[in-house]
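**Q** Take a look at final38.cif, mmCIF, C-alpha atoms:
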data_final
loop_
_atom_site.label_atom_id
_atom_site.label_comp_id
_atom_site.auth_asym_id
_atom_site.auth_seq_id
_atom_site.Cartn_x
_atom_site.Cartn_y
_atom_site.Cartn_z
CA MET R 1306 -15.13 -37.09 -38.14
CA SER R 1307 -12.65 -36.54 -40.96
CA TYR R 1308 -9.44 -38.50 -41.62
CA HIS R 1309 -7.28 -35.69 -40.22
CA GLU R 1310 -9.34 -35.48 -37.03
CA ARG R 1311 -9.08 -39.24 -36.50
CA ARG R 1312 -5.35 -39.04 -37.17
CA ALA R 1313 -4.91 -36.22 -34.64
CA LEU R 1314 -6.85 -38.24 -32.06
CA LEU R 1315 -4.62 -41.24 -32.68
CA SER R 1316 -1.57 -39.03 -32.28
CA ILE R 1317 -2.85 -37.72 -28.92
CA ILE R 1318 -3.52 -41.25 -27.66
CA SER R 1319 -0.20 -42.60 -28.97
CA THR R 1320 1.79 -39.73 -27.42
CA ILE R 1321 0.21 -40.38 -24.02
CA GLY R 1322 0.47 -44.17 -24.38
CA ILE R 1323 4.06 -44.30 -25.63
CA THR R 1324 5.25 -41.83 -22.99
CA ALA R 1325 3.45 -43.65 -20.17
CA LEU R 1326 4.81 -47.06 -21.22
CA TYR R 1327 8.31 -45.71 -21.76
CA VAL R 1328 8.40 -43.94 -18.39
CA ALA R 1329 7.02 -47.06 -16.70
CA PHE R 1330 9.83 -49.05 -18.36
CA MET R 1331 12.65 -46.60 -17.58
CA LEU R 1332 11.71 -45.34 -14.11
CA PRO R 1333 12.65 -48.53 -12.22
CA ARG R 1334 16.11 -48.29 -13.83
CA TYR R 1335 16.85 -44.92 -12.19
CA PRO R 1336 20.04 -45.17 -10.08
CA VAL R 1337 18.54 -44.38 -6.65
CA GLU R 1338 21.51 -45.62 -4.62
CA VAL R 1339 23.93 -42.97 -5.94
CA ASP R 1340 24.32 -39.23 -5.33
CA ALA R 1341 21.98 -36.90 -7.28
CA TYR R 1342 25.02 -35.43 -9.10
CA ALA R 1343 26.77 -38.76 -9.78
CA PRO R 1344 27.83 -39.60 -13.38
CA GLU R 1345 25.40 -42.55 -13.33
CA VAL R 1346 22.48 -40.16 -13.08
CA PHE R 1347 23.61 -38.20 -16.14
CA ARG R 1348 24.27 -41.48 -18.01
CA TYR R 1349 20.75 -42.61 -17.11
CA TRP R 1350 19.18 -39.45 -18.51
CA GLY R 1351 21.40 -39.66 -21.60
CA ASN R 1352 20.13 -43.18 -22.22
CA PHE R 1353 16.59 -42.04 -21.47
CA PHE R 1354 16.70 -39.43 -24.25
CA LEU R 1355 18.68 -41.54 -26.72
CA LEU R 1356 16.28 -44.50 -26.43
CA LEU R 1357 13.15 -42.38 -26.40
CA ILE R 1358 13.76 -41.09 -29.94
CA PRO R 1359 13.94 -44.46 -31.81
CA VAL R 1360 11.23 -46.00 -29.60
CA THR R 1361 8.86 -43.13 -30.41
CA ILE R 1362 9.66 -43.21 -34.13
CA VAL R 1363 9.16 -46.99 -34.46
CA ALA R 1364 5.99 -47.00 -32.33
CA ARG R 1365 4.49 -44.13 -34.33
CA ILE R 1366 5.30 -45.77 -37.67
CA VAL R 1367 3.68 -49.04 -36.55
CA LEU R 1368 0.60 -47.23 -35.21
CA GLU R 1369 0.34 -45.12 -38.36
CA ILE R 1370 0.41 -48.23 -40.59
CA LEU R 1371 -2.23 -49.93 -38.42
CA PHE R 1372 -4.36 -46.77 -38.47
CA VAL R 1373 -4.24 -46.47 -42.26
CA ILE R 1374 -5.23 -50.14 -42.65
CA VAL R 1375 -8.11 -49.94 -40.14
CA ASN R 1376 -9.25 -46.58 -41.55
CA THR R 1377 -9.31 -47.94 -45.11
CA ILE R 1378 -11.22 -51.07 -44.04
CA PHE R 1379 -13.90 -49.14 -42.15
CA THR R 1380 -14.32 -46.07 -44.36
CA ARG R 1381 -13.50 -47.62 -47.78
CA GLU R 1382 -11.79 -44.32 -48.50
CA ALA R 1383 -8.33 -44.25 -50.07
CA VAL R 1384 -5.94 -42.22 -47.93
CA SER R 1385 -4.59 -39.25 -49.83
CA ASP R 1386 -1.16 -37.88 -48.96
CA ARG R 1387 -2.01 -34.61 -50.69
CA THR R 1388 -1.55 -31.52 -48.53
CA ASP R 1389 -3.13 -28.25 -49.56
CA GLU R 1390 -3.08 -24.65 -48.29
CA ARG R 1391 -5.49 -25.40 -45.43
CA ASP R 1392 -3.36 -28.31 -44.20
CA LYS R 1393 -0.26 -26.09 -44.29
CA LEU R 1394 -2.06 -23.29 -42.43
CA ILE R 1395 -3.24 -25.72 -39.74
CA GLU R 1396 0.24 -27.22 -39.45
CA LEU R 1397 1.75 -23.75 -39.02
CA LYS R 1398 -0.75 -22.81 -36.31
CA SER R 1399 -0.27 -26.10 -34.47
CA THR R 1400 3.53 -25.75 -34.61
CA ARG R 1401 3.25 -22.20 -33.28
CA ASN R 1402 1.13 -23.42 -30.35
CA ALA R 1403 3.57 -26.25 -29.68
CA LEU R 1404 6.54 -23.86 -29.63
CA TRP R 1405 4.73 -21.47 -27.28
CA THR R 1406 4.16 -24.43 -24.96
CA PHE R 1407 7.71 -25.75 -25.22
CA MET R 1408 9.46 -22.42 -24.63
CA PRO R 1409 8.24 -21.55 -21.10
CA VAL R 1410 8.74 -25.11 -19.81
CA PHE R 1411 12.22 -25.20 -21.37
CA VAL R 1412 13.10 -21.85 -19.78
CA LEU R 1413 11.70 -23.12 -16.47
CA ALA R 1414 13.81 -26.29 -16.74
CA VAL R 1415 17.04 -24.50 -17.54
CA GLY R 1416 16.27 -21.59 -15.20
CA SER R 1417 15.65 -23.96 -12.30
CA LEU R 1418 19.38 -24.77 -12.37
CA SER R 1419 20.07 -21.38 -10.81
CA PHE R 1420 17.92 -22.39 -7.80
CA ASP R 1421 20.04 -25.44 -6.98
CA VAL R 1422 17.46 -27.88 -8.29
CA GLN R 1423 18.60 -31.48 -8.84
CA PRO R 1424 19.61 -32.37 -12.43
CA SER R 1425 16.93 -35.07 -12.56
CA VAL R 1426 14.22 -32.44 -12.11
CA VAL R 1427 15.68 -30.44 -15.00
CA PHE R 1428 15.72 -33.48 -17.30
CA ALA R 1429 12.21 -34.48 -16.23
CA LEU R 1430 11.02 -30.96 -17.03
CA LEU R 1431 12.70 -31.12 -20.45
CA ILE R 1432 10.87 -34.36 -21.21
CA ALA R 1433 7.63 -32.82 -19.96
CA ALA R 1434 8.22 -29.86 -22.28
CA GLY R 1435 8.61 -32.19 -25.26
CA VAL R 1436 5.57 -34.31 -24.42
CA LEU R 1437 3.39 -31.29 -23.60
CA SER R 1438 4.30 -29.46 -26.81
CA SER R 1439 3.61 -32.61 -28.83
CA LEU R 1440 0.20 -32.94 -27.15
CA VAL R 1441 -0.61 -29.27 -27.74
CA SER R 1442 0.31 -29.67 -31.41
CA ASP R 1443 -2.00 -32.70 -31.77
CA VAL R 1444 -4.87 -31.10 -29.84
CA SER R 1445 -4.48 -27.95 -31.97
CA ASP R 1446 -4.57 -30.08 -35.13
CA PHE R 1447 -7.78 -31.72 -33.94
CA PHE R 1448 -9.36 -28.40 -32.95
CA PHE R 1449 -8.42 -26.60 -36.19
CA TYR R 1450 -9.59 -29.44 -38.44
CA ARG R 1451 -12.84 -29.60 -36.44
CA ARG R 1452 -13.34 -25.84 -36.78
CA GLY R 1453 -12.37 -25.74 -40.44
CA TYR R 1454 -8.98 -24.01 -40.40
CA MET Q 612 -14.73 -2.62 -36.86
CA ALA Q 613 -17.32 -4.43 -38.95
CA GLU Q 614 -16.92 -8.20 -39.22
CA PRO Q 615 -16.25 -9.38 -42.79
CA LEU Q 616 -18.65 -12.01 -44.08
CA ILE Q 617 -17.72 -14.14 -47.06
CA SER Q 618 -20.38 -16.39 -48.46
CA ASN Q 619 -20.17 -18.61 -51.52
CA ASN Q 620 -22.29 -20.30 -54.16
CA ILE Q 621 -20.12 -23.35 -54.69
CA ARG Q 622 -22.84 -25.84 -53.82
CA ARG Q 623 -25.25 -24.27 -56.31
CA LEU Q 624 -22.55 -23.99 -58.98
CA ARG Q 625 -21.61 -27.65 -58.52
CA PHE Q 626 -25.25 -28.60 -58.93
CA GLU Q 627 -25.52 -26.53 -62.11
CA HIS Q 628 -22.40 -28.20 -63.52
CA ASN Q 629 -23.77 -31.74 -63.89
CA GLU Q 630 -23.93 -32.22 -60.12
CA MET Q 631 -20.18 -32.16 -59.83
CA THR Q 632 -19.05 -33.90 -56.65
CA GLN Q 633 -16.91 -32.25 -53.99
CA LYS Q 634 -14.20 -34.78 -54.79
CA ASP Q 635 -14.24 -33.86 -58.50
CA LEU Q 636 -13.97 -30.17 -57.69
CA ALA Q 637 -11.20 -30.84 -55.16
CA ASP Q 638 -9.21 -32.84 -57.72
CA ARG Q 639 -9.63 -30.15 -60.37
CA VAL Q 640 -8.39 -27.33 -58.12
CA GLY Q 641 -5.71 -29.41 -56.36
CA VAL Q 642 -6.99 -29.55 -52.78
CA THR Q 643 -8.52 -32.20 -50.53
CA ARG Q 644 -12.26 -32.87 -50.41
CA GLN Q 645 -12.27 -31.73 -46.77
CA THR Q 646 -11.05 -28.30 -47.84
CA ILE Q 647 -13.93 -27.98 -50.31
CA VAL Q 648 -16.34 -29.03 -47.53
CA ALA Q 649 -14.85 -26.39 -45.22
CA ILE Q 650 -15.11 -23.69 -47.91
CA GLU Q 651 -18.72 -24.60 -48.77
CA ASN Q 652 -19.68 -24.41 -45.09
CA ALA Q 653 -17.90 -21.02 -44.80
CA LYS Q 654 -15.58 -22.48 -42.17
CA TYR Q 655 -12.50 -21.74 -44.24
CA PHE Q 656 -11.83 -18.84 -46.59
CA PRO Q 657 -9.56 -19.86 -49.48
CA SER Q 658 -6.53 -17.99 -50.74
CA LEU Q 659 -6.99 -15.70 -53.71
CA GLU Q 660 -5.29 -18.24 -55.97
CA LEU Q 661 -7.62 -21.05 -54.90
CA ALA Q 662 -10.64 -18.75 -55.27
CA PHE Q 663 -9.60 -18.02 -58.87
CA ARG Q 664 -9.03 -21.72 -59.53
CA ILE Q 665 -12.52 -22.58 -58.27
CA ALA Q 666 -14.05 -19.79 -60.37
CA ARG Q 667 -12.18 -21.04 -63.45
CA VAL Q 668 -13.62 -24.55 -63.02
CA PHE Q 669 -17.12 -23.04 -63.22
CA ASN Q 670 -16.13 -20.70 -66.10
CA THR Q 671 -17.18 -17.68 -64.11
CA GLY Q 672 -15.74 -14.76 -62.18
CA VAL Q 673 -14.62 -14.88 -58.56
CA GLU Q 674 -17.38 -12.44 -57.59
CA ASP Q 675 -19.98 -14.94 -58.85
CA VAL Q 676 -18.56 -17.63 -56.59
CA PHE Q 677 -17.73 -15.58 -53.50
CA THR Q 678 -19.66 -12.66 -52.05
CA PHE Q 679 -18.11 -10.25 -49.61
CA SER Q 680 -20.08 -8.12 -47.20
CA LEU Q 681 -19.48 -6.27 -43.95
CA ASP Q 682 -21.55 -7.01 -40.87
CA GLU Q 683 -22.26 -3.52 -39.55
CA GLN Q 684 -23.83 -4.74 -36.26
#
Translate this structure into structure tokens?
**A**
Amino acid sequence: MSYHERRALLSIISTIGITALYVAFMLPRYPVEVDAYAPEVFRYWGNFFLLLIPVTIVARIVLEILFVIVNTIFTREAVSDRTDERDKLIELKSTRNALWTFMPVFVLAVGSLSFDVQPSVVFALLIAAGVLSSLVSDVSDFFFYRRGY
Amino acid sequence: MAEPLISNNIRRLRFEHNEMTQKDLADRVGVTRQTIVAIENAKYFPSLELAFRIARVFNTGVEDVFTFSLDEQ
């Protein structure tokens, strides 16, 4: 398994792990005692999104550093940050797949507003769209590097 | 339509050039070793520019490195 494949696998695991831990941390803080359209609900989801971004960034940086250290110890191979035409092609294809995943879920989330769906469902769908597209991008990376391009 | 088949002689050419390693070739043409592995195994077909760069390393023409044929089946 190449460095890029291992990295894609780590990204898949970290996306699932970070999301699961973050949701487990935030879910008990949901304001259940108020109305579904109360300002507290919107404040909760605002906090949910605002916190998710730095938490994800920091967690990914820490995991990336640990991965590079462990990878170097076990493989004795210096990690190259060089990207060539194949890397760019794979990145483009993965991004395309991620966008195709994000778009329908995003449209579903926003479109569900016209069917009198609660705001929390819309925000949950938006988060699902982000997580799903990230997973699709990582799985695509893994698949394309495994296949060759 | 016939499927295009692109094969290459990179492994043989490396051997004939003092057993050049994949890493050496990758460094000389500016790609990663994994890309050279993928090209050698015909899993990835390089751009025209990269094909010319590889041919230049071996002091030969592109047609001596890569062979194009059409699978008529």
**Q** Using all atoms listed in the file, which chain Q residues lie at most 7 Å away from chain R, written as a PDB file with C-alpha atoms, keeping the file's coordinate frame?
**A**
ATOM      1  CA  VAL Q 642      -6.990 -29.550 -52.780  1.00  0.00           C
ATOM      2  CA  THR Q 643      -8.520 -32.200 -50.530  1.00  0.00           C
ATOM      3  CA  THR Q 646     -11.050 -28.300 -47.840  1.00  0.00           C
ATOM      4  CA  ALA Q 649     -14.850 -26.390 -45.220  1.00  0.00           C
ATOM      5  CA  LYS Q 654     -15.580 -22.480 -42.170  1.00  0.00           C
ATOM      6  CA  TYR Q 655     -12.500 -21.740 -44.240  1.00  0.00           C
TER       7      TYR Q 655
END
**Q** Separation of atom CA of Ala1329 of chain R and atom CA of Pro1344 of chain R, in Å?
**A**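 Computing the Euclidean distance for atom CA of Ala1329 of chain R and atom CA of Pro1344 of chain R yields 22.4 Å.
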**Q** Report the residues retrieved by the PyMOL selection byres ((chain Q and resi 653) around 10) from the displayed file, expressed as a list in words.
**A**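 After applying the PyMOL selection byres ((chain Q and resi 653) around 10), what remains is Gly1453 of chain R; Leu616, Ile617, Ser618, Asn619, Ile647, Val648, Ala649, Ile650, Glu651, Asn652, Lys654, Tyr655, Phe656 and Pro657 of chain Q.
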**Q** For this structure, which residues satisfy the selection - the PyMOL selection byres ((chain R and resi 1399-1409) around 7) - when it is evaluated on the file as given? I want them as a PyMOL selection string.
**A** chain R and resi 1395-1398+1410-1413+1434-1435+1438-1439+1441-1442+1445-1446
**Q** Show me, as a compact mmCIF listing (two decimals) with C-alpha atoms, in the frame of the given file, the residues that have an atom within 12 Å of Asp635 of chain Q when counting all atoms listed in the file, minus same-chain residues fewer than 5 positions from it.
**A**
# COMPACT_ATOMS: atom_id res chain seq x y z
CA ARG Q 625 -21.61 -27.65 -58.52
CA HIS Q 628 -22.40 -28.20 -63.52
CA ASN Q 629 -23.77 -31.74 -63.89
CA GLU Q 630 -23.93 -32.22 -60.12
CA VAL Q 640 -8.39 -27.33 -58.12
CA GLY Q 641 -5.71 -29.41 -56.36
CA VAL Q 642 -6.99 -29.55 -52.78
CA THR Q 643 -8.52 -32.20 -50.53
CA ARG Q 644 -12.26 -32.87 -50.41
CA ILE Q 647 -13.93 -27.98 -50.31
CA ILE Q 665 -12.52 -22.58 -58.27
CA VAL Q 668 -13.62 -24.55 -63.02
**Q** Decode the PyMOL selection byres ((chain Q and resi 669) around 10) for the given file into explicit residues and return them as JSON, numbers by chain.
**A** {"Q": [621, 624, 625, 627, 628, 636, 664, 665, 666, 667, 668, 670, 671, 672, 673, 675, 676]}
**Q** Tell me, as a PyMOL selection string, which residues lie within 10 Å of segment 1362-1365 of chain R, counting all atoms listed in the file; anything in the same chain fewer than 2 positions away does not count.
**A** chain R and resi 1315-1316+1319-1320+1323+1357-1360+1367-1371
**Q** Which distance in Å separates atom CA of Ala1313 of chain R and atom CA of Asp1443 of chain R, to one decimal?
**A**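 Atom CA of Asp1443 of chain R lies 5.4 Å from atom CA of Ala1313 of chain R.
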**Q** Hey, can you check how far atom CA of Val1328 of chain R sits from atom CA of Leu1314 of chain R?
**A** 21.3 Å
**Q** Can you report as JSON the centre and edge lengths in Å, to one decimal, of an axis-aligned box around the listed atoms of segment 1311-1325 of chain R padded with 5 Å on each side?
**A**
{"center_x": -1.9, "center_y": -40.3, "center_z": -28.7, "size_x": 24.3, "size_y": 18.1, "size_z": 27.0}
**Q** Which polymer residues have any atom within 12 Å of an atom of segment 1333-1336 of chain R, counting all atoms listed in the file, with same-chain residues fewer than 2 positions away left out, as number ranges by chain?
**A** R: 1327-1331, 1338-1353, 1425
**Q** Would you kindly place all heavy atoms on segment 1347-1358 of chain R and return the model as a tab-separated table (two decimals), in the coordinates of the input?
**A**
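Okay, this is what ended up in part.tsv:
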chain	number	residue	atom	x	y	z
R	1347	PHE	N	23.56	-38.86	-14.82
R	1347	PHE	CA	23.61	-38.20	-16.14
R	1347	PHE	C	23.60	-39.24	-17.26
R	1347	PHE	O	23.00	-39.01	-18.31
R	1347	PHE	CB	24.86	-37.31	-16.23
R	1347	PHE	CG	24.76	-36.11	-15.35
R	1347	PHE	CD1	25.34	-36.11	-14.08
R	1347	PHE	CD2	24.07	-34.98	-15.76
R	1347	PHE	CE1	25.22	-35.01	-13.25
R	1347	PHE	CE2	23.96	-33.87	-14.93
R	1347	PHE	CZ	24.54	-33.88	-13.67
R	1348	ARG	N	24.27	-40.40	-17.02
R	1348	ARG	CA	24.27	-41.48	-18.01
R	1348	ARG	C	22.84	-42.02	-18.18
R	1348	ARG	O	22.41	-42.30	-19.30
R	1348	ARG	CB	25.21	-42.59	-17.56
R	1348	ARG	CG	25.65	-43.49	-18.72
R	1348	ARG	CD	26.75	-44.48	-18.33
R	1348	ARG	NE	27.96	-43.81	-17.89
R	1348	ARG	CZ	28.53	-44.00	-16.69
R	1348	ARG	NH1	27.98	-44.82	-15.82
R	1348	ARG	NH2	29.63	-43.37	-16.35
R	1349	TYR	N	22.13	-42.12	-17.07
R	1349	TYR	CA	20.75	-42.61	-17.11
R	1349	TYR	C	19.89	-41.69	-17.99
R	1349	TYR	O	19.15	-42.16	-18.87
R	1349	TYR	CB	20.17	-42.68	-15.70
R	1349	TYR	CG	18.67	-42.88	-15.65
R	1349	TYR	CD1	18.11	-44.14	-15.81
R	1349	TYR	CD2	17.81	-41.79	-15.48
R	1349	TYR	CE1	16.74	-44.32	-15.79
R	1349	TYR	CE2	16.44	-41.96	-15.46
R	1349	TYR	CZ	15.90	-43.22	-15.61
R	1349	TYR	OH	14.54	-43.39	-15.59
R	1350	TRP	N	20.01	-40.38	-17.75
R	1350	TRP	CA	19.18	-39.45	-18.51
R	1350	TRP	C	19.61	-39.39	-19.98
R	1350	TRP	O	18.78	-39.21	-20.87
R	1350	TRP	CB	19.22	-38.04	-17.89
R	1350	TRP	CG	18.39	-37.99	-16.65
R	1350	TRP	CD1	18.83	-37.85	-15.37
R	1350	TRP	CD2	16.96	-38.10	-16.58
R	1350	TRP	NE1	17.77	-37.87	-14.50
R	1350	TRP	CE2	16.61	-38.02	-15.20
R	1350	TRP	CE3	15.95	-38.27	-17.51
R	1350	TRP	CZ2	15.30	-38.10	-14.77
R	1350	TRP	CZ3	14.63	-38.34	-17.08
R	1350	TRP	CH2	14.32	-38.26	-15.71
R	1351	GLY	N	20.91	-39.57	-20.22
R	1351	GLY	CA	21.40	-39.66	-21.60
R	1351	GLY	C	20.77	-40.84	-22.32
R	1351	GLY	O	20.27	-40.71	-23.45
R	1352	ASN	N	20.76	-41.99	-21.65
R	1352	ASN	CA	20.13	-43.18	-22.22
R	1352	ASN	C	18.63	-42.97	-22.41
R	1352	ASN	O	18.05	-43.42	-23.40
R	1352	ASN	CB	20.35	-44.40	-21.30
R	1352	ASN	CG	21.79	-44.89	-21.36
R	1352	ASN	OD1	22.49	-44.66	-22.34
R	1352	ASN	ND2	22.24	-45.52	-20.29
R	1353	PHE	N	18.03	-42.30	-21.43
R	1353	PHE	CA	16.59	-42.04	-21.47
R	1353	PHE	C	16.23	-41.30	-22.76
R	1353	PHE	O	15.32	-41.69	-23.49
R	1353	PHE	CB	16.19	-41.19	-20.24
R	1353	PHE	CG	14.70	-41.14	-20.00
R	1353	PHE	CD1	14.14	-41.84	-18.94
R	1353	PHE	CD2	13.86	-40.39	-20.81
R	1353	PHE	CE1	12.77	-41.79	-18.69
R	1353	PHE	CE2	12.49	-40.34	-20.57
R	1353	PHE	CZ	11.95	-41.03	-19.51
R	1354	PHE	N	16.97	-40.23	-23.05
R	1354	PHE	CA	16.70	-39.43	-24.25
R	1354	PHE	C	17.05	-40.18	-25.53
R	1354	PHE	O	16.30	-40.16	-26.50
R	1354	PHE	CB	17.48	-38.10	-24.20
R	1354	PHE	CG	16.81	-37.05	-23.39
R	1354	PHE	CD1	17.14	-36.88	-22.05
R	1354	PHE	CD2	15.84	-36.22	-23.94
R	1354	PHE	CE1	16.51	-35.90	-21.29
R	1354	PHE	CE2	15.22	-35.24	-23.18
R	1354	PHE	CZ	15.55	-35.09	-21.84
R	1355	LEU	N	18.22	-40.84	-25.52
R	1355	LEU	CA	18.68	-41.54	-26.72
R	1355	LEU	C	17.73	-42.67	-27.13
R	1355	LEU	O	17.48	-42.87	-28.32
R	1355	LEU	CB	20.08	-42.11	-26.50
R	1355	LEU	CG	21.24	-41.15	-26.76
R	1355	LEU	CD1	22.56	-41.84	-26.50
R	1355	LEU	CD2	21.21	-40.60	-28.19
R	1356	LEU	N	17.20	-43.38	-26.14
R	1356	LEU	CA	16.28	-44.50	-26.43
R	1356	LEU	C	14.89	-44.01	-26.81
R	1356	LEU	O	14.21	-44.62	-27.62
R	1356	LEU	CB	16.18	-45.41	-25.21
R	1356	LEU	CG	17.03	-46.69	-25.21
R	1356	LEU	CD1	16.86	-47.41	-23.88
R	1356	LEU	CD2	16.62	-47.61	-26.35
R	1357	LEU	N	14.50	-42.91	-26.18
R	1357	LEU	CA	13.15	-42.38	-26.40
R	1357	LEU	C	12.90	-42.05	-27.88
R	1357	LEU	O	11.81	-42.31	-28.40
R	1357	LEU	CB	12.93	-41.13	-25.53
R	1357	LEU	CG	11.57	-40.44	-25.64
R	1357	LEU	CD1	10.45	-41.37	-25.20
R	1357	LEU	CD2	11.53	-39.16	-24.80
R	1358	ILE	N	13.93	-41.52	-28.54
R	1358	ILE	CA	13.76	-41.09	-29.94
R	1358	ILE	C	13.44	-42.29	-30.86
R	1358	ILE	O	12.38	-42.29	-31.51
R	1358	ILE	CB	14.99	-40.30	-30.43
R	1358	ILE	CG1	15.13	-39.01	-29.60
R	1358	ILE	CG2	14.88	-39.96	-31.91
R	1358	ILE	CD1	16.49	-38.36	-29.69
